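Peer 1: Let me give you the structure first, and then I'll get to my questions.
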Amino acid sequence: MRNKRLKFIEQMEHSECGLACITMILNYYRKNIELGEVRDRYGVPKGGNTLQQLQHILSDYGIKTKGIRVKDLDVLRNFNTPCICLWENKHFIVLEKISKKNAYVADPATGKKKIELANFIKGFSKVILLPTEVLKTEVEAKKKHENVLFKIVFSQKKFIFFTLICTVFIQVFGLFIPILTQTLIDNNDYLRFNNNFAFQTFILLGILLLSYYCFQVIRSLLIANFQKNFDIHLMTKFISKLISLPMNFFVNRSTGDLIFRSNLSVYIRQILTQRVTSLIIDSIFIFVYLFLIFQYSIFLSFIIILTTVVIVFTAILNAIVIKKITDKELLEQSRVQKIVTELIENMETIKISGAGEYFYQEWFKHFQKQVIYEKDKGRISAFLGNLSTSLQFILNLLLVCIGIMEIQKGTLTIGQLIGITAVTPSFMNPVVSIAGFYTEFLVLKSYFYKIQEVINSKSEKNLEVKTNIDKIYELELKNVGFKYSEFEELTLNRINLKVFNNEKVAIVGRSGSGKSTLIKLLSGLYYPSYGEFLVNGKNFTTLNPKDYRKKIGIVNQHPSIFNNTIKDNIVLNNFETEDMNFLFEVVFDSGVDEIIQHLPLGLNTEVSENGSNLSGGQKQRIALARALFKKPSFILMDEPTSALDNISEKKIMDNILKSNLGCIVAAHRLHTIKEFDRIIVMEKGEIVEEGNHYFLMKQKGYYYNLYKNNQR
């Protein structure tokens with residue numbers, strides 16, 4: 001069983017075009033699979049997937065495929081099913097069909113589009129993956145995700161209810177004006193013989209003005225409260241989800257893209273608050289106004305309805321075209337945000353390498369496309385959007401002209417004509433508003449999809465599990481292997497390691513041997529692909545990872561330093577345990593005292609964003625102080641002193657050796673670990689030697705050669 005149309009799936013990271021294409025094919029055959037599910041199951045290899053790997057994944061989901069090298073495009077015209085194409089030898093797209101002049105494709109990076117055959121031939125790499133058999137044709141149940149948008153809106157039902165009440169009264173005032181106008185004009189006798197008419201009129205107008213103003217103010221205040229609460233709920237949900245996501249979620253993702261997605265909440269809120277409440281009331285009052293119009297004149301009512309149908313049709317057509325352009329514009333906006341983020345974060349490297357012009361050209365290329373799409377939207381709105389405005393502009397004059405003829409025939413009164421011309425805008429405005437909301441609704445779907453995709457991603461395991469880890473006594477890896485994705489080679493293989501509290505263990509090996517990955521695994525940032533990671537004899541998968549990380553200190557080779565004071569960078573999330581005496585002890589042990597002694601504000605000195613006003617060695621010292629201040633049971637360090645001079649490095653390592661902490665260090669400078677209890681030697685992801693410095697030197701094996709080369 002197939003769907004009639006191919007549903008477009010956008011890739012979320014730069015290397016997952018293949019997985020996005022697979023998800024489109026699976027949904028075409030009603031497998032009801034989401035991109036996140038495929039990503040979680042198989043991962044994303046560095047550089048993306050191969051055609052053979054995509055074939056393997058589709059086979060797992062019950063779709064047999066055949067790889068075909070295409071020499072003639074006529075072959076593709078004979079296929080009646082979408083297929084995956086290799087594009088420019090580096091990218092995957094889905095080909096829907098080929099006509100005489102165009103190819104219709106779904107590109108995970110840029111959306112659905114029509115490509116002229118000449119341009120398609122240039123980009124097509126002559127290789128496709130064609131589905132040949134679907135082993136399971138039954139419709140699989142789609143996993144239900146929490147509808148965050150509905151939940152947030154429903155939580156604000158009190159504000160929405162009172163906003164609706166205010167809107168009803170405002171609409172009633174709009175309904176009252178034409179009725180009152182017609183009554184006053186057609187009842188000439190009342191006007192002629194009522195001496196207090198002027199006074200009564202001003203009193204009535206004053207009451208109407210004051211009431212209308214009050215309801216508008218109350219409604220605006222309610223909407224402002226709704227906007228505030230909506231922003232708080234949505235962004236809290238988004239940011240808390242980001243924090244709870246596993247580390248592998250961020251490996252291939254662009255920081256700029258995630259920032260762009262978070263900013264979309266503003267647009268979502270604006271569409272909802274400015275439109276939804278009015279839309280509900282407008283939908284009800286359309287029929288009230290229509291009923292009133294029919295009471296005045298059936299003939300004029302049909303003219304108004306005919307004009308309305310034309311306006312609605314053009315509005316829907318406008319919405320469909322605008323939606324397609326908006327999807328492309330969003331992709332370009334995301335890329336612009338990504339380039340700007342990289343430009344700012346890496347300005348020093350860009351200047352040193354003289355790559356400023358390259359980044360400018362990359363930014364300008366995508367920014368220009370973004371501006372062109374914005375221009376295209378404006379052009380479409382100019383032709384289609386203004387058609388409804390023009391019809392509304394001429395409609396009242398048309399009604400007056402036809403109404404005068406009806407008055408001459410005696411089928412319509414002057415008061416009725418004035419009444420119908422007064423009520424027509426009240427009828428047309430909601431219709432135009434509802435038709436216009438269709439455009440915004442389609443855009444809203446595009447915006448919210450990008451946020452919902454993050455919110456629906458799987459959080460780390462056991463974040464809600466209550467565990468009480470007072471102290472970590474031992475860490476153990478039992479026959480552990482690890483790889484970043486299903487199709488990559490093992491980064492770690494058959495690792496067996498047990499480290500006790502107070503023990504000092506160093507991990508050494510050549511670049512790429514797996515040292516950093518092993519530290520990340522022991523940090524709980526990644527989970528073993530096979531084997532067990534035990535903490536105090538308990539499997540790590542049964543523990544709350546947040547509780548575990550509170551009991552360990554971690555120092556990376558390139559630590560993150562935040563735009564705050566040096567003191568706050570050290571204390572970070574441990575204000576409740578702040579002890580000034582212990583803080584100064586940590587500052588001394590980590591060598592931070594050498595940084596602050598020349599600063600007039602000392603520990604209260606403000607650090608620039610990303611620590612750009614600090615050297616690499618200073619960042620490492622602050623990161624070490626941060627790890628020590630947690631009073632951890634174990635401290636895990638990945639080349640923590642690589643940016644320090646030999647004297648500073650020796651002082652810090654001596655302090656660590658004297659401490660009663662369990663310590664695991666991935667070391668590059670081997671002379672600093674001579675006095676460690678154990679040295680683990682790694683080669684190609686495996687432990688090949690183990691022992692203290694003197695034992696390993698006697699063996700004259702891997703460590704002996706590493707040490708000798710390290711001393712040169």
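Convention: chains lettered A, B, ... in structure tokens order; per-chain residue numbering from 1; ligands numbered from 1 as shown.
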Can you tell me which residues surround Tyr358 of chain A at a distance of at most 12 Å, considering only C-alpha atoms, apart from same-chain residues fewer than 6 positions away, and format the answer as an MDAnalysis selection string?

Peer 2: chainID A and resid 339 343 350:351 364:365

Peer 1: Using N, CA and C atoms, can you write the selected residues to a file as a compact mmCIF listing (two decimals), in the first residue's frame?

Peer 2:
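The resulting out33.txt:
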# COMPACT_ATOMS: atom_id res chain seq x y z
N ILE A 339 26.18 30.23 9.41
CA ILE A 339 27.43 30.87 8.95
C ILE A 339 27.80 32.03 9.87
N LEU A 343 31.11 32.32 12.05
CA LEU A 343 31.95 33.49 11.80
C LEU A 343 32.34 34.17 13.11
N ILE A 350 39.59 32.66 11.55
CA ILE A 350 39.25 33.19 10.23
C ILE A 350 40.22 34.30 9.83
N LYS A 351 40.55 35.16 10.79
CA LYS A 351 41.48 36.25 10.50
C LYS A 351 42.89 35.72 10.23
N PHE A 364 26.93 35.67 1.91
CA PHE A 364 26.22 36.48 0.93
C PHE A 364 25.40 35.60 -0.02
N LYS A 365 25.96 34.44 -0.39
CA LYS A 365 25.26 33.54 -1.31
C LYS A 365 23.91 33.11 -0.73

Peer 1: Calculated over only C-alpha atoms, which of the candidates A:Leu130, A:Ile472, A:Leu245, A:Leu397 has the smallest distance to Val499 of chain A?

Peer 2: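 Using only C-alpha atoms, Val499 of chain A sits closest to A:Ile472.
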
Peer 1: Write out as a PyMOL selection string which residues come within 12 Å of segment 238-242 of chain A when counting only C-alpha atoms, dropping same-chain ones fewer than 5 positions away.

Peer 2: chain A and resi 148-149+231-233+247-250+255+258-259+261-265+448+450-460+463

Peer 1: Per residue of segment 441-538 of chain A within 12 Å of segment 320-331 of chain A, record the nearest atom pair and its distance in Å to one decimal, counting only C-alpha atoms, with rows in chain order and ascending residue number, as a tab-separated table.

Peer 2:
residue	atom	partner	partner_atom	distance
A:Phe441	CA	A:Lys323	CA	9.3
A:Leu442	CA	A:Lys323	CA	6.1
A:Val443	CA	A:Lys323	CA	5.9
A:Leu444	CA	A:Lys323	CA	9.6
A:Lys445	CA	A:Lys323	CA	9.5
A:Ser446	CA	A:Asp327	CA	6.7
A:Tyr447	CA	A:Leu330	CA	8.3
A:Phe448	CA	A:Leu330	CA	11.8
A:Tyr449	CA	A:Asp327	CA	10.9
A:Lys450	CA	A:Leu330	CA	9.7

Peer 1: Based on the backbone DSSP call, show me all residues of segment 468-661 of chain A assigned alpha helix (DSSP H), as a PyMOL selection string.

Peer 2: chain A and resi 515-522+545-550+566-571+580-590+593-596+616-629+646-658

Peer 1: Can you write out the residues you just picked, keeping C-alpha atoms, as a PDB file, in the first residue's frame?

Peer 2:
ATOM      1  CA  LYS A 515      41.783   7.678  24.626  1.00  0.00           C
ATOM      2  CA  SER A 516      39.287  10.566  24.425  1.00  0.00           C
ATOM      3  CA  THR A 517      36.398   8.256  23.578  1.00  0.00           C
ATOM      4  CA  LEU A 518      37.205   6.118  26.614  1.00  0.00           C
ATOM      5  CA  ILE A 519      37.131   9.217  28.851  1.00  0.00           C
ATOM      6  CA  LYS A 520      33.761  10.248  27.382  1.00  0.00           C
ATOM      7  CA  LEU A 521      32.416   6.756  28.001  1.00  0.00           C
ATOM      8  CA  LEU A 522      33.567   6.830  31.638  1.00  0.00           C
ATOM      9  CA  PRO A 545      23.190  10.097  34.472  1.00  0.00           C
ATOM     10  CA  LYS A 546      22.741  13.560  36.046  1.00  0.00           C
ATOM     11  CA  ASP A 547      23.265  12.122  39.539  1.00  0.00           C
ATOM     12  CA  TYR A 548      26.361  10.268  38.366  1.00  0.00           C
ATOM     13  CA  ARG A 549      27.919  13.355  36.771  1.00  0.00           C
ATOM     14  CA  LYS A 550      27.445  15.338  39.985  1.00  0.00           C
ATOM     15  CA  ILE A 566      36.259  33.632  37.091  1.00  0.00           C
ATOM     16  CA  LYS A 567      34.672  32.735  40.419  1.00  0.00           C
ATOM     17  CA  ASP A 568      31.299  31.930  38.822  1.00  0.00           C
ATOM     18  CA  ASN A 569      33.055  29.845  36.177  1.00  0.00           C
ATOM     19  CA  ILE A 570      34.601  27.766  38.962  1.00  0.00           C
ATOM     20  CA  VAL A 571      31.558  27.517  41.242  1.00  0.00           C
ATOM     21  CA  MET A 580      35.383  30.219  50.489  1.00  0.00           C
ATOM     22  CA  ASN A 581      38.218  28.427  52.276  1.00  0.00           C
ATOM     23  CA  PHE A 582      37.777  25.391  50.030  1.00  0.00           C
ATOM     24  CA  LEU A 583      37.457  27.678  46.999  1.00  0.00           C
ATOM     25  CA  PHE A 584      40.859  29.258  47.704  1.00  0.00           C
ATOM     26  CA  GLU A 585      42.332  25.778  48.215  1.00  0.00           C
ATOM     27  CA  VAL A 586      41.002  24.712  44.809  1.00  0.00           C
ATOM     28  CA  VAL A 587      42.276  27.934  43.226  1.00  0.00           C
ATOM     29  CA  PHE A 588      45.784  27.161  44.508  1.00  0.00           C
ATOM     30  CA  ASP A 589      45.766  23.460  43.543  1.00  0.00           C
ATOM     31  CA  SER A 590      44.643  24.243  39.993  1.00  0.00           C
ATOM     32  CA  ASP A 593      46.025  31.792  41.754  1.00  0.00           C
ATOM     33  CA  GLU A 594      48.704  32.613  39.165  1.00  0.00           C
ATOM     34  CA  ILE A 595      45.978  34.015  36.863  1.00  0.00           C
ATOM     35  CA  ILE A 596      44.219  36.249  39.390  1.00  0.00           C
ATOM     36  CA  GLY A 616      44.429  28.028  26.459  1.00  0.00           C
ATOM     37  CA  GLY A 617      46.404  27.207  29.606  1.00  0.00           C
ATOM     38  CA  GLN A 618      44.339  29.629  31.712  1.00  0.00           C
ATOM     39  CA  LYS A 619      41.131  28.031  30.474  1.00  0.00           C
ATOM     40  CA  GLN A 620      42.449  24.595  31.441  1.00  0.00           C
ATOM     41  CA  ARG A 621      43.304  25.787  34.963  1.00  0.00           C
ATOM     42  CA  ILE A 622      39.828  27.264  35.480  1.00  0.00           C
ATOM     43  CA  ALA A 623      38.238  24.054  34.156  1.00  0.00           C
ATOM     44  CA  LEU A 624      40.357  21.998  36.568  1.00  0.00           C
ATOM     45  CA  ALA A 625      39.332  24.257  39.472  1.00  0.00           C
ATOM     46  CA  ARG A 626      35.681  23.815  38.430  1.00  0.00           C
ATOM     47  CA  ALA A 627      36.048  20.036  38.474  1.00  0.00           C
ATOM     48  CA  LEU A 628      37.798  20.020  41.882  1.00  0.00           C
ATOM     49  CA  PHE A 629      35.253  22.390  43.466  1.00  0.00           C
ATOM     50  CA  ASN A 646      56.230  22.142  32.073  1.00  0.00           C
ATOM     51  CA  ILE A 647      56.568  23.831  35.485  1.00  0.00           C
ATOM     52  CA  SER A 648      52.850  24.612  35.819  1.00  0.00           C
ATOM     53  CA  GLU A 649      51.956  21.162  34.542  1.00  0.00           C
ATOM     54  CA  LYS A 650      54.202  19.451  37.123  1.00  0.00           C
ATOM     55  CA  LYS A 651      52.736  21.508  39.973  1.00  0.00           C
ATOM     56  CA  ILE A 652      49.172  20.593  39.006  1.00  0.00           C
ATOM     57  CA  MET A 653      49.892  16.896  38.457  1.00  0.00           C
ATOM     58  CA  ASP A 654      51.741  16.698  41.787  1.00  0.00           C
ATOM     59  CA  ASN A 655      48.694  18.176  43.539  1.00  0.00           C
ATOM     60  CA  ILE A 656      46.431  15.604  41.865  1.00  0.00           C
ATOM     61  CA  LEU A 657      48.756  12.760  42.898  1.00  0.00           C
ATOM     62  CA  LYS A 658      48.628  13.951  46.523  1.00  0.00           C
TER      63      LYS A 658
END

Peer 1: Considering only C-alpha atoms, state which residue in the set A:Ala506, A:Leu234, A:Leu73, A:Val94 is at the smallest distance from Ile268 of chain A.

Peer 2: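 Closest to Ile268 of chain A, using only C-alpha atoms: A:Leu234.
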
Peer 1: Taking only C-alpha atoms into account, which of A:Lys228, A:Lys674, A:Arg510, A:His14 comes nearest Ala109 of chain A?

Peer 2: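 Closest residue, counting only C-alpha atoms: A:His14.
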
Peer 1: What's around Gly62 of chain A at 7 Å? Count only C-alpha atoms, leave out sequence neighbours fewer than 3 positions away in its own chain, and write the answer as a ChimeraX atom specification.

Peer 2: /A:58-59,134-136

Peer 1: With N, CA and C atoms retained, could you export that selection as a short mmCIF file (atom, residue, chain, number, x, y, z; two decimals), in the first residue's frame?

Peer 2:
data_model
loop_
_atom_site.label_atom_id
_atom_site.label_comp_id
_atom_site.auth_asym_id
_atom_site.auth_seq_id
_atom_site.Cartn_x
_atom_site.Cartn_y
_atom_site.Cartn_z
N LEU A 58 16.78 0.04 4.50
CA LEU A 58 15.46 -0.20 3.89
C LEU A 58 15.09 -1.67 3.98
N SER A 59 16.07 -2.53 3.83
CA SER A 59 15.81 -3.97 3.96
C SER A 59 15.34 -4.32 5.36
N VAL A 134 7.97 -4.69 -1.44
CA VAL A 134 7.62 -4.30 -0.07
C VAL A 134 7.13 -5.54 0.65
N LEU A 135 7.91 -6.00 1.62
CA LEU A 135 7.59 -7.26 2.30
C LEU A 135 6.45 -7.12 3.29
N LYS A 136 6.33 -5.92 3.89
CA LYS A 136 5.25 -5.68 4.84
C LYS A 136 4.44 -4.48 4.35
#

Peer 1: So that I can check the secondary structure, give me every residue of segment 397-608 of chain A assigned strand (DSSP E or B) by backbone DSSP, as a ChimeraX atom specification.

Peer 2: /A:474-482,492-500,504-509,530-535,538-539,552-555,565,606

Peer 1: Keeping only C-alpha atoms, write the selected residues to a file as a short mmCIF file (atom, residue, chain, number, x, y, z; two decimals), in the first residue's frame.

Peer 2:
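This is the output file part-v3.cif:
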data_model
loop_
_atom_site.label_atom_id
_atom_site.label_comp_id
_atom_site.auth_asym_id
_atom_site.auth_seq_id
_atom_site.Cartn_x
_atom_site.Cartn_y
_atom_site.Cartn_z
CA GLU A 474 34.80 1.96 41.65
CA LEU A 475 34.26 2.25 37.91
CA GLU A 476 34.37 -0.82 35.71
CA LEU A 477 34.12 -1.54 32.00
CA LYS A 478 33.36 -5.20 31.19
CA ASN A 479 34.09 -6.28 27.62
CA VAL A 480 32.97 -2.89 26.31
CA GLY A 481 32.87 -1.86 22.66
CA PHE A 482 31.74 1.44 21.24
CA LEU A 492 36.68 0.98 21.30
CA ASN A 493 36.80 -2.81 21.30
CA ARG A 494 36.89 -5.42 24.10
CA ILE A 495 37.76 -2.94 26.84
CA ASN A 496 38.08 -4.45 30.32
CA LEU A 497 39.07 -1.95 32.99
CA LYS A 498 38.39 -1.49 36.71
CA VAL A 499 39.47 1.64 38.60
CA PHE A 500 39.11 2.02 42.38
CA LYS A 504 45.58 7.19 39.83
CA VAL A 505 45.31 5.77 36.31
CA ALA A 506 46.74 7.20 33.08
CA ILE A 507 45.58 6.32 29.56
CA VAL A 508 48.16 6.71 26.81
CA GLY A 509 48.39 5.92 23.12
CA TYR A 530 28.07 -3.62 23.72
CA GLY A 531 29.34 -4.76 27.12
CA GLU A 532 28.69 -3.17 30.52
CA PHE A 533 29.70 0.03 32.26
CA LEU A 534 29.40 -0.50 36.03
CA VAL A 535 29.36 2.15 38.77
CA LYS A 538 25.56 -1.30 39.20
CA ASN A 539 24.96 -1.05 35.47
CA ILE A 552 32.62 13.14 39.02
CA GLY A 553 34.80 16.02 37.82
CA ILE A 554 35.56 16.29 34.09
CA VAL A 555 38.29 18.35 32.42
CA THR A 565 33.38 36.03 36.46
CA GLU A 606 34.74 39.16 34.05
#

Peer 1: What's the separation between atom CA of Pro559 of chain A and atom CA of Gly48 of chain A, in Å to one decimal place?

Peer 2: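 Rounded to one decimal, the two atoms are 27.6 Å apart.
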
Peer 1: From the options A:Thr50, A:Asn613, A:Ile286, A:Phe161, which residue's atoms come nearest to Thr308 of chain A, counting only C-alpha atoms?

Peer 2: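 Smallest distance to Thr308 of chain A is found for A:Ile286.
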
Peer 1: Of the candidates A:Glu503, A:Ile372, A:Phe215, A:Ile402, which shows the shortest atom-to-atom distance to Ile303 of chain A, using only C-alpha atoms?

Peer 2: A:Ile402
